[in-house]
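Before any comments, here is the structure.
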Amino acid sequence: MGFFSELFGRGGRVVRGQMNQGMDTVEDATFEATVKQTVRDMRAELAKTINASAMAMSNHNRLEAEYDKYVRQSADWLARANQALDAGNEDLAKKALAKKAESDQQVASMKPGVDAARTASESLKAKVAELKRRIDEADRTATTLVARKNAAVAQRKVAEALSGVAEADNAFAALKGFEESVSREEAKAKAFDQLASAGKDDSLEAEFAQLQGSTVDGELAALKAARQQKALPPTMPKQIAAPEPQ
């Protein structure tokens with residue numbers, strides 16, 4: 001069991017290694033698309049946050065509008081009470097003040113909720129603005145990351161090509177293979193040529209070489225004789241002697 005356990009354990013590591021390598025390859029190939037999709041996901045979350053914030057702020061606006069209505073009613077009933085007193089009608093003034101008290105009670109009960117909703121609304125607006133700023137920054141960072149990634153990949157490929165350790169489809173490696181193939185064929189041709197000339201009669205070749213040497217010596221002697229002949233002065237013909245006087 002120990003052997004099989006070790007075997008399958010090693011096999012599992014190999015499979016996991018291949019899968020991880022494959023995922024790395026996929027991530028390298030889709031890096032730019034993945035980074036941009038990440039930013040799009042962030043913007044989608046921002047849209048959801050803005051919608052939720054808008055609903056919360058809308059509720060606050062409705063609550064504050066209701067609160068302001070009771071504040072105005074209280075002020076209005078107070079003005080009516082003063083109007084009734086000016087007219088000398090205290091009973092009517094009391095009734096106006098009773099209505100004002102009802103409005104004041106509504107204002108007092110709603111004020112904590114309105115204040116809390118106002119604080120939450122301001123906080124949401126600030127957080128949404130900060131989230132927008134950070135997403136815009138992430139977008140710029142993503143663009144920079146893609147540019148850096150592309151530059152790094154290009155630099156790695158150039159370095160691999162120059163070092164000769166690039167992939168099998170590297171043109172430099174292919175050309176080097178062609179050169180080695182030609183060198184092997186040249187070495188084979190030289191070896192066969194040496195084998196073909198190994199059976200020749202060396203003494204017979206030497207005799208023919210000597211004959212060629214003798215021919216050259218004869219030609220050299222003839223050339224020297226011709227040159228010497230040209231160097232001699234021409235001979236004068238003998239004159240016929242005149243008869244002596246008697």
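Lettering and numbering for the structure tokens are positional, with chains as A, B, ... in the shown order, residues counted from 1 in each chain, and ligands counted from 1 in the shown order.
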
(request) Please identify all polymer residues within 8 Å of Ala75 (chain A), counting only C-alpha atoms, omitting same-chain residues fewer than 4 positions from it, and present them as a PyMOL selection string. (result) chain A and resi 71+79+100

Now that the selection is made, can you save its residues with C-alpha atoms as a compact mmCIF listing (two decimals), in the first residue's frame?
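What ended up in out_19.txt:
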```
# COMPACT_ATOMS: atom_id res chain seq x y z
CA VAL A 71 -42.63 72.25 11.78
CA ALA A 79 -49.58 82.56 14.04
CA LYS A 100 -49.75 73.66 17.69
```

(message) When you count only C-alpha atoms, which of these residues is closest to Glu45 (chain A): A:Met57, A:Ala81, A:Leu131, A:Val153?
(response) A:Leu131

(message) Using only C-alpha atoms for the distances, tell me which of A:Ser181, A:Ser121, A:Thr144, A:Gln229 is nearest to His60 (chain A).
(response) A:Ser121

(message) Report, in Å with one decimal, the straight-line distance from CA of Lys157 (chain A) to CA of Arg140 (chain A).
(response)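 Between CA of Lys157 (chain A) and CA of Arg140 (chain A) the gap is 26.2 Å.
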
(request) Have a look at CA of Phe31 (chain A) and CA of Asp136 (chain A) and let me know their distance in Å, one decimal. (result) 19.3 Å

Near Gln105 (chain A), within 12 Å and counting only C-alpha atoms, which residues show up once chain neighbours fewer than 4 positions away are dropped, as a tab-separated table (two decimals) with N, CA and C atoms, in the first residue's frame?
```tsv
chain	number	residue	atom	x	y	z
A	67	TYR	N	-41.25	65.78	8.34
A	67	TYR	CA	-40.84	66.53	9.54
A	67	TYR	C	-41.01	68.03	9.31
A	70	TYR	N	-44.65	69.24	9.67
A	70	TYR	CA	-45.14	69.47	11.03
A	70	TYR	C	-44.50	70.72	11.65
A	71	VAL	N	-43.26	71.01	11.29
A	71	VAL	CA	-42.63	72.25	11.78
A	71	VAL	C	-43.39	73.46	11.25
A	73	GLN	N	-46.53	73.49	10.26
A	73	GLN	CA	-47.86	73.52	10.89
A	73	GLN	C	-47.80	74.13	12.28
A	74	SER	N	-46.75	73.80	13.03
A	74	SER	CA	-46.61	74.39	14.38
A	74	SER	C	-46.50	75.91	14.29
A	98	ALA	N	-53.68	74.36	20.95
A	98	ALA	CA	-53.79	72.90	21.11
A	98	ALA	C	-53.32	72.20	19.83
A	99	LYS	N	-53.69	72.76	18.68
A	99	LYS	CA	-53.22	72.18	17.41
A	99	LYS	C	-51.69	72.32	17.27
A	100	LYS	N	-51.20	73.48	17.74
A	100	LYS	CA	-49.75	73.66	17.69
A	100	LYS	C	-49.05	72.62	18.55
A	101	ALA	N	-49.62	72.29	19.70
A	101	ALA	CA	-49.01	71.29	20.59
A	101	ALA	C	-48.97	69.92	19.91
A	109	SER	N	-41.18	63.80	18.15
A	109	SER	CA	-41.04	62.35	17.98
A	109	SER	C	-40.23	62.00	16.71
A	110	MET	N	-40.33	62.86	15.71
A	110	MET	CA	-39.64	62.57	14.45
A	110	MET	C	-38.20	63.07	14.41
A	111	LYS	N	-37.84	64.01	15.25
A	111	LYS	CA	-36.53	64.64	15.16
A	111	LYS	C	-35.37	63.66	15.27
```

(message) Can you measure CA of Ser53 (chain A) to CA of Arg134 (chain A) for me? One decimal in Å is fine.
(response)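 Between these atoms lies a distance of 17.3 Å.
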
Tell me which protein, DNA and RNA residues are within 9 Å of Thr143 (chain A), counting only C-alpha atoms, leaving out same-chain ones fewer than 4 positions away, and put them as an mmCIF file with C-alpha atoms, in the first residue's frame.
```cif
data_model
loop_
_atom_site.group_PDB
_atom_site.id
_atom_site.type_symbol
_atom_site.label_atom_id
_atom_site.label_comp_id
_atom_site.auth_asym_id
_atom_site.auth_seq_id
_atom_site.Cartn_x
_atom_site.Cartn_y
_atom_site.Cartn_z
ATOM 1 C CA GLU A 32 -5.532 42.013 -19.878
ATOM 2 C CA VAL A 35 -7.809 42.786 -15.224
ATOM 3 C CA LYS A 36 -10.346 44.808 -17.204
ATOM 4 C CA ALA A 138 -8.096 51.073 -9.946
ATOM 5 C CA ASP A 139 -8.940 51.623 -13.597
ATOM 6 C CA ALA A 147 1.309 47.825 -19.965
ATOM 7 C CA ARG A 148 3.873 46.521 -17.448
#
```
